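Student: Following this line is start.csv, made up of CSV, C-alpha atoms:
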```
chain,number,residue,atom,x,y,z
E,1,MET,CA,-9.0,-19.1,-14.2
E,2,THR,CA,-11.2,-17.5,-11.6
E,3,LEU,CA,-10.8,-17.0,-7.9
E,4,ASP,CA,-12.8,-20.1,-7.4
E,5,ALA,CA,-9.4,-21.8,-7.6
E,6,LEU,CA,-8.6,-20.4,-4.2
E,7,ALA,CA,-12.1,-20.2,-2.6
E,8,ARG,CA,-14.3,-22.4,-0.6
E,9,PRO,CA,-17.6,-23.6,-2.0
E,10,SER,CA,-19.1,-20.6,-0.2
E,11,GLY,CA,-17.1,-18.2,-2.4
E,12,THR,CA,-15.0,-17.1,0.6
E,13,PHE,CA,-11.3,-17.7,1.4
E,14,LEU,CA,-9.7,-19.7,4.1
E,15,MET,CA,-6.0,-19.6,3.0
E,16,VAL,CA,-2.8,-20.4,4.9
E,17,ALA,CA,0.3,-18.3,4.4
E,18,MET,CA,3.6,-20.2,4.7
E,19,ASP,CA,5.9,-17.9,2.6
E,20,GLN,CA,7.8,-16.4,5.5
E,21,ARG,CA,11.5,-16.5,5.0
E,22,GLU,CA,13.9,-14.6,7.4
E,23,SER,CA,10.9,-13.9,9.7
E,24,LEU,CA,10.2,-17.7,10.0
E,25,ARG,CA,13.9,-18.4,10.7
E,26,THR,CA,13.8,-15.7,13.5
E,27,MET,CA,10.7,-17.3,15.0
E,28,LEU,CA,12.2,-20.8,14.9
E,29,ALA,CA,15.5,-19.6,16.4
E,30,ALA,CA,13.6,-18.5,19.5
E,31,HIS,CA,13.0,-22.2,20.1
E,32,HIS,CA,15.6,-24.2,18.3
E,33,ALA,CA,19.4,-24.0,18.0
E,34,ASP,CA,19.3,-25.3,14.5
E,35,ALA,CA,16.9,-22.9,12.9
E,36,ASP,CA,18.4,-23.6,9.5
E,37,ALA,CA,17.1,-24.2,6.0
E,38,ALA,CA,16.4,-27.8,6.7
E,39,ARG,CA,14.2,-27.1,9.7
E,40,MET,CA,12.4,-24.3,7.9
E,41,THR,CA,11.6,-26.7,5.0
E,42,ARG,CA,10.4,-29.4,7.4
E,43,PHE,CA,8.1,-26.9,9.2
E,44,LYS,CA,6.7,-25.7,5.9
E,45,LEU,CA,6.0,-29.2,4.6
E,46,ALA,CA,4.4,-30.2,7.9
E,47,VAL,CA,2.1,-27.2,7.8
E,48,ALA,CA,1.2,-27.9,4.1
E,49,GLY,CA,0.5,-31.6,4.9
E,50,GLU,CA,-1.6,-31.1,8.0
E,51,LEU,CA,-3.5,-27.9,7.1
E,52,GLY,CA,-3.8,-28.2,3.3
E,53,PRO,CA,-6.8,-30.5,3.6
E,54,TYR,CA,-8.7,-27.8,5.5
E,55,ALA,CA,-7.6,-24.7,3.6
E,56,SER,CA,-8.9,-23.3,0.3
E,57,GLY,CA,-5.5,-22.0,-0.6
E,58,PHE,CA,-1.8,-22.3,0.5
E,59,LEU,CA,0.9,-19.7,-0.1
E,60,ILE,CA,4.5,-20.8,-0.3
E,61,ASP,CA,7.8,-19.3,-1.4
E,62,ARG,CA,10.0,-20.9,-4.0
E,63,GLU,CA,13.1,-21.2,-1.8
E,64,ARG,CA,11.7,-23.7,0.7
E,65,ALA,CA,9.3,-26.6,0.2
E,66,TYR,CA,7.7,-25.5,-3.0
E,67,ASP,CA,9.4,-28.2,-5.2
E,68,SER,CA,8.4,-30.9,-2.7
E,69,ILE,CA,4.8,-29.7,-2.5
E,70,VAL,CA,4.5,-29.9,-6.2
E,71,ARG,CA,6.5,-33.1,-6.8
E,72,ASP,CA,4.8,-35.1,-4.0
E,73,HIS,CA,1.3,-33.7,-4.5
E,74,VAL,CA,1.2,-32.6,-0.8
E,75,LEU,CA,-1.9,-30.4,-1.3
E,76,PRO,CA,-5.4,-31.8,-2.2
E,77,ALA,CA,-7.2,-30.6,-5.2
E,78,THR,CA,-9.5,-28.5,-3.0
E,79,CYS,CA,-6.5,-26.3,-1.9
E,80,GLY,CA,-5.2,-24.0,-4.6
E,81,LEU,CA,-1.4,-23.3,-4.6
E,82,LEU,CA,-0.1,-19.7,-4.5
E,83,LEU,CA,3.5,-18.8,-5.1
E,84,ALA,CA,5.2,-15.8,-3.6
E,85,VAL,CA,7.2,-13.9,-6.3
E,86,ASP,CA,8.5,-11.1,-4.1
E,87,ALA,CA,12.2,-10.6,-3.5
E,88,LEU,CA,12.6,-9.2,0.0
E,89,GLN,CA,15.0,-6.7,1.4
E,90,GLN,CA,15.3,-7.9,5.0
E,91,LEU,CA,18.2,-7.9,7.4
E,92,GLU,CA,18.7,-10.9,9.7
E,93,GLY,CA,16.2,-10.7,12.5
E,94,GLY,CA,14.6,-7.5,11.0
E,95,ILE,CA,11.5,-6.6,9.2
E,96,VAL,CA,11.0,-6.4,5.5
E,97,GLU,CA,12.2,-3.0,4.4
E,98,ASP,CA,11.3,-3.2,0.7
E,99,THR,CA,10.5,-5.6,-2.0
E,100,ALA,CA,10.9,-6.2,-5.8
E,101,ILE,CA,9.5,-8.7,-8.2
E,102,ASP,CA,11.6,-11.8,-8.0
E,103,GLY,CA,13.4,-12.1,-11.4
E,104,GLY,CA,14.2,-15.8,-10.6
E,105,ALA,CA,10.6,-16.9,-10.4
E,106,ASP,CA,9.7,-19.4,-13.1
E,107,LEU,CA,6.2,-18.5,-14.0
E,108,VAL,CA,6.1,-20.9,-17.0
E,109,GLY,CA,7.0,-23.7,-14.7
E,110,ALA,CA,4.5,-22.4,-12.1
E,111,ALA,CA,1.7,-22.6,-14.6
E,112,ARG,CA,2.8,-26.0,-15.7
E,113,ASN,CA,2.9,-27.2,-12.0
E,114,GLY,CA,-0.7,-26.2,-11.4
E,115,VAL,CA,0.0,-23.0,-9.4
E,116,ALA,CA,-3.3,-21.0,-9.3
E,117,GLY,CA,-1.8,-17.6,-8.6
E,118,VAL,CA,1.2,-15.5,-7.5
E,119,LYS,CA,1.6,-13.0,-4.7
E,120,LEU,CA,3.6,-9.8,-4.4
E,121,LEU,CA,4.3,-8.0,-1.1
E,122,VAL,CA,4.5,-4.3,-1.4
E,123,ILE,CA,5.8,-2.0,1.4
E,124,TRP,CA,3.7,1.1,1.1
E,125,ARG,CA,5.0,4.4,2.4
E,126,ASP,CA,3.8,7.9,1.8
E,127,ASP,CA,7.0,9.1,0.2
E,128,ASP,CA,8.5,10.0,-3.1
E,129,ARG,CA,8.5,6.3,-4.3
E,130,ARG,CA,4.8,5.8,-4.3
E,131,ALA,CA,4.6,6.0,-8.1
E,132,ALA,CA,7.4,3.5,-8.5
E,133,ARG,CA,5.6,1.0,-6.2
E,134,ASP,CA,2.4,1.5,-8.0
E,135,ALA,CA,4.1,0.8,-11.3
E,136,MET,CA,5.7,-2.3,-9.8
E,137,ALA,CA,2.3,-3.5,-8.7
E,138,ARG,CA,0.9,-3.0,-12.2
E,139,ARG,CA,3.8,-4.9,-13.8
E,140,PHE,CA,3.2,-7.7,-11.4
E,141,VAL,CA,-0.4,-8.0,-12.3
E,142,ASP,CA,0.4,-7.9,-16.0
E,143,LEU,CA,3.0,-10.5,-15.6
E,144,ALA,CA,0.7,-12.9,-13.7
E,145,HIS,CA,-2.1,-12.5,-16.2
E,146,ALA,CA,0.4,-13.1,-19.1
E,147,PHE,CA,0.9,-16.6,-17.8
E,148,GLY,CA,-2.7,-17.3,-16.9
E,149,LEU,CA,-2.1,-16.9,-13.2
E,150,LEU,CA,-4.2,-15.1,-10.6
E,151,SER,CA,-2.6,-12.0,-9.0
E,152,VAL,CA,-2.7,-11.4,-5.2
E,153,LEU,CA,-1.3,-8.1,-4.0
E,154,GLU,CA,-0.3,-7.7,-0.4
E,155,PRO,CA,0.5,-4.1,0.6
E,156,VAL,CA,1.8,-3.5,4.1
E,157,VAL,CA,2.0,0.1,5.3
E,158,ARG,CA,4.9,1.7,7.1
E,159,GLY,CA,5.5,5.2,8.4
E,160,PRO,CA,7.2,7.4,11.0
E,161,GLU,CA,6.4,7.0,14.7
E,162,GLY,CA,2.8,8.1,15.4
E,163,PHE,CA,1.6,8.0,11.8
E,164,ASP,CA,-2.1,7.3,11.1
E,165,ARG,CA,-1.8,3.6,10.2
E,166,GLU,CA,-5.5,3.0,9.5
E,167,ALA,CA,-5.8,6.0,7.2
E,168,ALA,CA,-2.6,4.8,5.4
E,169,ILE,CA,-4.2,1.3,5.0
E,170,VAL,CA,-7.1,2.9,3.2
E,171,GLU,CA,-4.9,5.1,1.1
E,172,ALA,CA,-2.8,2.2,0.1
E,173,ALA,CA,-5.9,0.2,-0.9
E,174,ARG,CA,-7.2,3.2,-2.9
E,175,GLU,CA,-3.8,3.5,-4.8
E,176,LEU,CA,-2.7,-0.1,-5.2
E,177,GLY,CA,-6.2,-1.7,-5.5
E,178,ALA,CA,-6.4,0.1,-8.9
E,179,SER,CA,-3.6,-2.1,-10.2
E,180,GLY,CA,-6.0,-4.6,-11.6
E,181,CYS,CA,-5.1,-7.4,-9.1
E,182,ASP,CA,-7.5,-10.2,-8.7
E,183,LEU,CA,-7.4,-10.4,-4.9
E,184,TYR,CA,-6.1,-7.8,-2.4
E,185,LYS,CA,-4.5,-9.1,0.9
E,186,CYS,CA,-5.0,-6.4,3.5
E,187,GLU,CA,-3.8,-5.7,7.1
E,188,VAL,CA,-6.3,-5.9,9.9
E,189,PRO,CA,-7.3,-2.4,11.1
E,190,THR,CA,-6.0,-1.6,14.6
E,191,HIS,CA,-4.0,-4.9,14.5
E,192,GLY,CA,-7.2,-6.4,15.7
E,193,ALA,CA,-6.9,-4.7,19.0
E,194,GLY,CA,-9.8,-2.3,18.6
E,195,GLU,CA,-13.4,-2.9,19.3
E,196,PRO,CA,-15.2,-5.0,16.6
E,197,ASP,CA,-17.3,-2.1,15.5
E,198,GLU,CA,-14.2,0.0,14.9
E,199,ILE,CA,-12.5,-2.7,12.9
E,200,THR,CA,-15.7,-3.1,10.8
E,201,GLU,CA,-16.0,0.6,10.2
E,202,TRP,CA,-12.4,0.8,8.9
E,203,SER,CA,-13.0,-2.3,6.9
E,204,ARG,CA,-16.0,-0.6,5.2
E,205,ARG,CA,-13.7,2.3,4.2
E,206,ILE,CA,-11.2,-0.2,2.8
E,207,ASP,CA,-14.0,-2.0,0.9
E,208,ASP,CA,-15.3,1.3,-0.5
E,209,VAL,CA,-12.0,2.1,-2.3
E,210,LEU,CA,-11.2,-1.5,-3.5
E,211,PRO,CA,-12.6,-2.6,-6.9
E,212,CYS,CA,-11.7,-6.3,-6.2
E,213,PRO,CA,-12.4,-8.8,-3.5
E,214,TRP,CA,-10.1,-8.8,-0.4
E,215,VAL,CA,-8.9,-10.8,2.5
E,216,VAL,CA,-7.1,-10.1,5.7
E,217,LEU,CA,-3.6,-11.2,6.9
E,218,SER,CA,-2.7,-11.9,10.5
E,219,GLN,CA,0.7,-10.3,11.1
E,220,GLY,CA,0.6,-8.1,14.2
E,221,VAL,CA,-2.7,-9.5,15.4
E,222,ASP,CA,-2.9,-11.5,18.7
E,223,PRO,CA,-3.6,-15.0,17.5
E,224,GLU,CA,-6.4,-15.4,20.1
E,225,ARG,CA,-8.1,-12.2,18.8
E,226,TYR,CA,-7.8,-13.2,15.2
E,227,PRO,CA,-11.1,-15.0,14.6
E,228,ALA,CA,-13.0,-12.0,16.1
E,229,ALA,CA,-10.9,-9.7,13.9
E,230,VAL,CA,-11.7,-11.7,10.8
E,231,GLU,CA,-15.4,-11.6,11.6
E,232,ALA,CA,-15.3,-7.8,12.1
E,233,ALA,CA,-13.4,-7.4,8.8
E,234,CYS,CA,-15.9,-9.6,7.0
E,235,ARG,CA,-18.8,-7.6,8.3
E,236,GLY,CA,-17.1,-4.7,6.7
E,237,GLY,CA,-16.7,-6.3,3.3
E,238,ALA,CA,-13.8,-8.8,3.4
E,239,SER,CA,-14.1,-12.2,1.8
E,240,GLY,CA,-12.0,-14.2,4.2
E,241,MET,CA,-8.4,-14.6,5.2
E,242,LEU,CA,-4.9,-15.4,4.0
E,243,ALA,CA,-2.9,-15.9,7.3
E,244,GLY,CA,0.0,-17.7,8.8
E,245,ARG,CA,1.0,-16.6,12.2
E,246,ALA,CA,-2.5,-16.7,13.8
E,247,VAL,CA,-2.8,-20.3,12.6
E,248,TRP,CA,0.5,-22.0,13.3
E,249,THR,CA,2.6,-19.9,15.7
E,250,ALA,CA,1.7,-22.1,18.6
E,251,THR,CA,3.4,-25.1,17.0
E,252,LEU,CA,6.8,-23.5,16.4
E,253,ALA,CA,8.5,-24.9,19.6
E,254,ALA,CA,7.8,-28.5,18.8
E,255,ASP,CA,10.6,-30.5,17.2
E,256,ASP,CA,7.9,-32.3,15.1
E,257,PRO,CA,5.0,-29.8,14.8
E,258,ARG,CA,2.6,-32.2,13.2
E,259,PRO,CA,0.8,-33.3,16.4
E,260,LEU,CA,0.4,-29.7,17.5
E,261,LEU,CA,-0.8,-28.7,14.1
E,262,ARG,CA,-3.6,-31.4,14.4
E,263,GLN,CA,-4.3,-30.5,18.0
E,264,HIS,CA,-4.2,-26.6,17.7
E,265,SER,CA,-4.2,-25.4,14.1
E,266,VAL,CA,-6.8,-27.7,12.6
E,267,PRO,CA,-9.5,-26.6,15.1
E,268,ARG,CA,-8.4,-23.0,14.6
E,269,LEU,CA,-8.9,-23.3,10.8
E,270,ARG,CA,-12.3,-25.0,11.4
E,271,GLU,CA,-13.3,-22.1,13.6
E,272,LEU,CA,-12.2,-19.6,11.0
E,273,ALA,CA,-14.0,-21.5,8.3
E,274,ALA,CA,-17.3,-21.0,10.1
E,275,VAL,CA,-16.5,-17.3,10.5
E,276,VAL,CA,-15.7,-16.7,6.8
E,277,ASP,CA,-18.6,-18.8,5.6
E,278,THR,CA,-21.1,-17.0,7.9
E,279,HIS,CA,-19.8,-13.4,7.6
E,280,GLY,CA,-17.6,-13.2,4.6
E,281,ARG,CA,-18.8,-11.9,1.3
E,282,PRO,CA,-18.6,-14.4,-1.6
E,283,TRP,CA,-16.0,-13.0,-3.9
E,284,ARG,CA,-18.3,-12.8,-6.9
E,285,ASP,CA,-20.6,-10.5,-5.0
E,286,LYS,CA,-17.9,-7.8,-5.0
E,287,HIS,CA,-18.3,-7.6,-8.8
E,288,ALA,CA,-22.1,-7.8,-8.8
```
Go ahead and express the file in the form of structure tokens.

Tutor:
Amino acid sequence: MTLDALARPSGTFLMVAMDQRESLRTMLAAHHADADAARMTRFKLAVAGELGPYASGFLIDRERAYDSIVRDHVLPATCGLLLAVDALQQLEGGIVEDTAIDGGADLVGAARNGVAGVKLLVIWRDDDRRAARDAMARRFVDLAHAFGLLSVLEPVVRGPEGFDREAAIVEAARELGASGCDLYKCEVPTHGAGEPDEITEWSRRIDDVLPCPWVVLSQGVDPERYPAAVEAACRGGASGMLAGRAVWTATLAADDPRPLLRQHSVPRLRELAAVVDTHGRPWRDKHA
């Protein structure tokens, strides 16, 4: 299997992330008294049903909606399915502090269900556990490939107050990009708040140290700035996006998000499709 299973005909990526767990419950709780497992599952299925036809890939966790997506063939053949296999250490209402490979993930079943690839979140810190995290990333890649699945690695950097976040993003890419992963999911430099030229320059530095194609996530980026941030990152070498919040956050307050997903999120995906097709580097060109 190649990355074409997750790519648009252009060779770029327009993927929707819906693998949020405690963070999604927290976001829903800001609008609904019953931000429970049932509401989370309904929201995830609504996003899959409404946005799957426009996305090249869809990322889901195994706890919510995955079984229904597979059983009911919710996604079209043009949208590759990604399964998150990260176990998260995250307190209620808090951020993810650390991760591990989810020992309960059924990769035999995933391959049988037509899953194209698996994703692992890694919390990168410049501390004495860097080697252990690197080893975990390499185990993840080997595990994915053993089952014929693509491997998508998602490092997120953390550090003390005032640390050089952009330099850390580059260093994490240098270290973990060497794991052999098929696709690297990267944070947007400056959280998308900098000038486009600044984002592009940092993206070039990321691209210089990565041996594989890469895409940007949207956490921490103002949703209205995200298309411009994706364009700037693509000008620096990115091949597209794998994002959730910038696409569907505006629909969280609705009891039934489907109308808002059609009204707001579908046009946003179409806008982003034009961005990645025009400015993104086709994934095969990274290996040329």

Student: Env of Leu149 of chain E: 9 Å cut, atoms = all atoms listed in the file, seq-sep filter 4 positions within chain, self excluded. Answer as an MDAnalysis selection string.

Tutor: chainID E and resid 1 107 110:111 115:118 143:145

Student: Using only C-alpha atoms, which of the listed residues (E:Val141, E:Ala253, E:Leu217, E:Ala233) sits closest to Asp197 of chain E?

Tutor: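 Closest candidate: E:Ala233.
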
Student: Compile the contact shell of segment 169-171 of chain E as a list in words: residues with an atom at most 7 Å away, counting all atoms listed in the file, same-chain residues fewer than 5 positions apart removed.

Tutor: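 Final neighbour list, sorted by chain and number: Val157, Arg205 and Ile206 of chain E.
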
Student: Taking (-11.6, -17.9, 1.2) as a centre in this file's frame and 7 Å as the limit, can you find every polymer residue with an atom that close, using only C-alpha atoms, and give them as JSON, numbers by chain?

Tutor: {"E": [6, 7, 8, 11, 12, 13, 14, 15, 56, 239, 240, 241]}

Student: Between atom CA of Leu3 of chain E and atom CA of Val215 of chain E, what is the distance in Å, rounded to a tenth?

Tutor: 12.3 Å

Student: So the first atom is atom CA of Pro259 of chain E and the second is atom CA of Tyr54 of chain E; what is the distance between them in Å, to one decimal place?

Tutor: 15.5 Å

Student: Write out as a PDB file with C-alpha atoms, keeping the file's coordinate frame which residues come within 7 Å of His279 of chain E when counting only C-alpha atoms, dropping same-chain ones fewer than 6 positions away.

Tutor:
```
ATOM      1  CA  GLU E 231     -15.400 -11.600  11.600  1.00  0.00           C
ATOM      2  CA  CYS E 234     -15.900  -9.600   7.000  1.00  0.00           C
ATOM      3  CA  ARG E 235     -18.800  -7.600   8.300  1.00  0.00           C
TER       4      ARG E 235
END
```

Student: Measuring between only C-alpha atoms, which one of E:Met27, E:Ala243, E:Ile95, E:Ala229 shows the shortest distance to Ala193 of chain E?

Tutor: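 Using only C-alpha atoms, the shortest distance to Ala193 of chain E belongs to E:Ala229.
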
Student: Between atom CA of Leu51 of chain E and atom CA of Asp106 of chain E, what is the spacing in Å?

Tutor: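 Atom CA of Leu51 of chain E lies 25.6 Å from atom CA of Asp106 of chain E.
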
Student: For Leu261 of chain E, which residue among E:Ala33, E:Ile199, E:Val247, E:Val122 is the nearest when counting only C-alpha atoms?

Tutor: E:Val247

Student: With only C-alpha atoms as the atoms that count, which of E:Ala37, E:Val221, E:Leu81, E:Ile123 lies nearest to Leu59 of chain E?

Tutor: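 Smallest distance to Leu59 of chain E is found for E:Leu81.
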
Student: Looking at all atoms listed in the file, which of E:Trp283, E:Trp248, E:Phe140, E:Trp214 is the one that sits closest to Pro267 of chain E?

Tutor: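 The answer is E:Trp248, which sits nearest to Pro267 of chain E.
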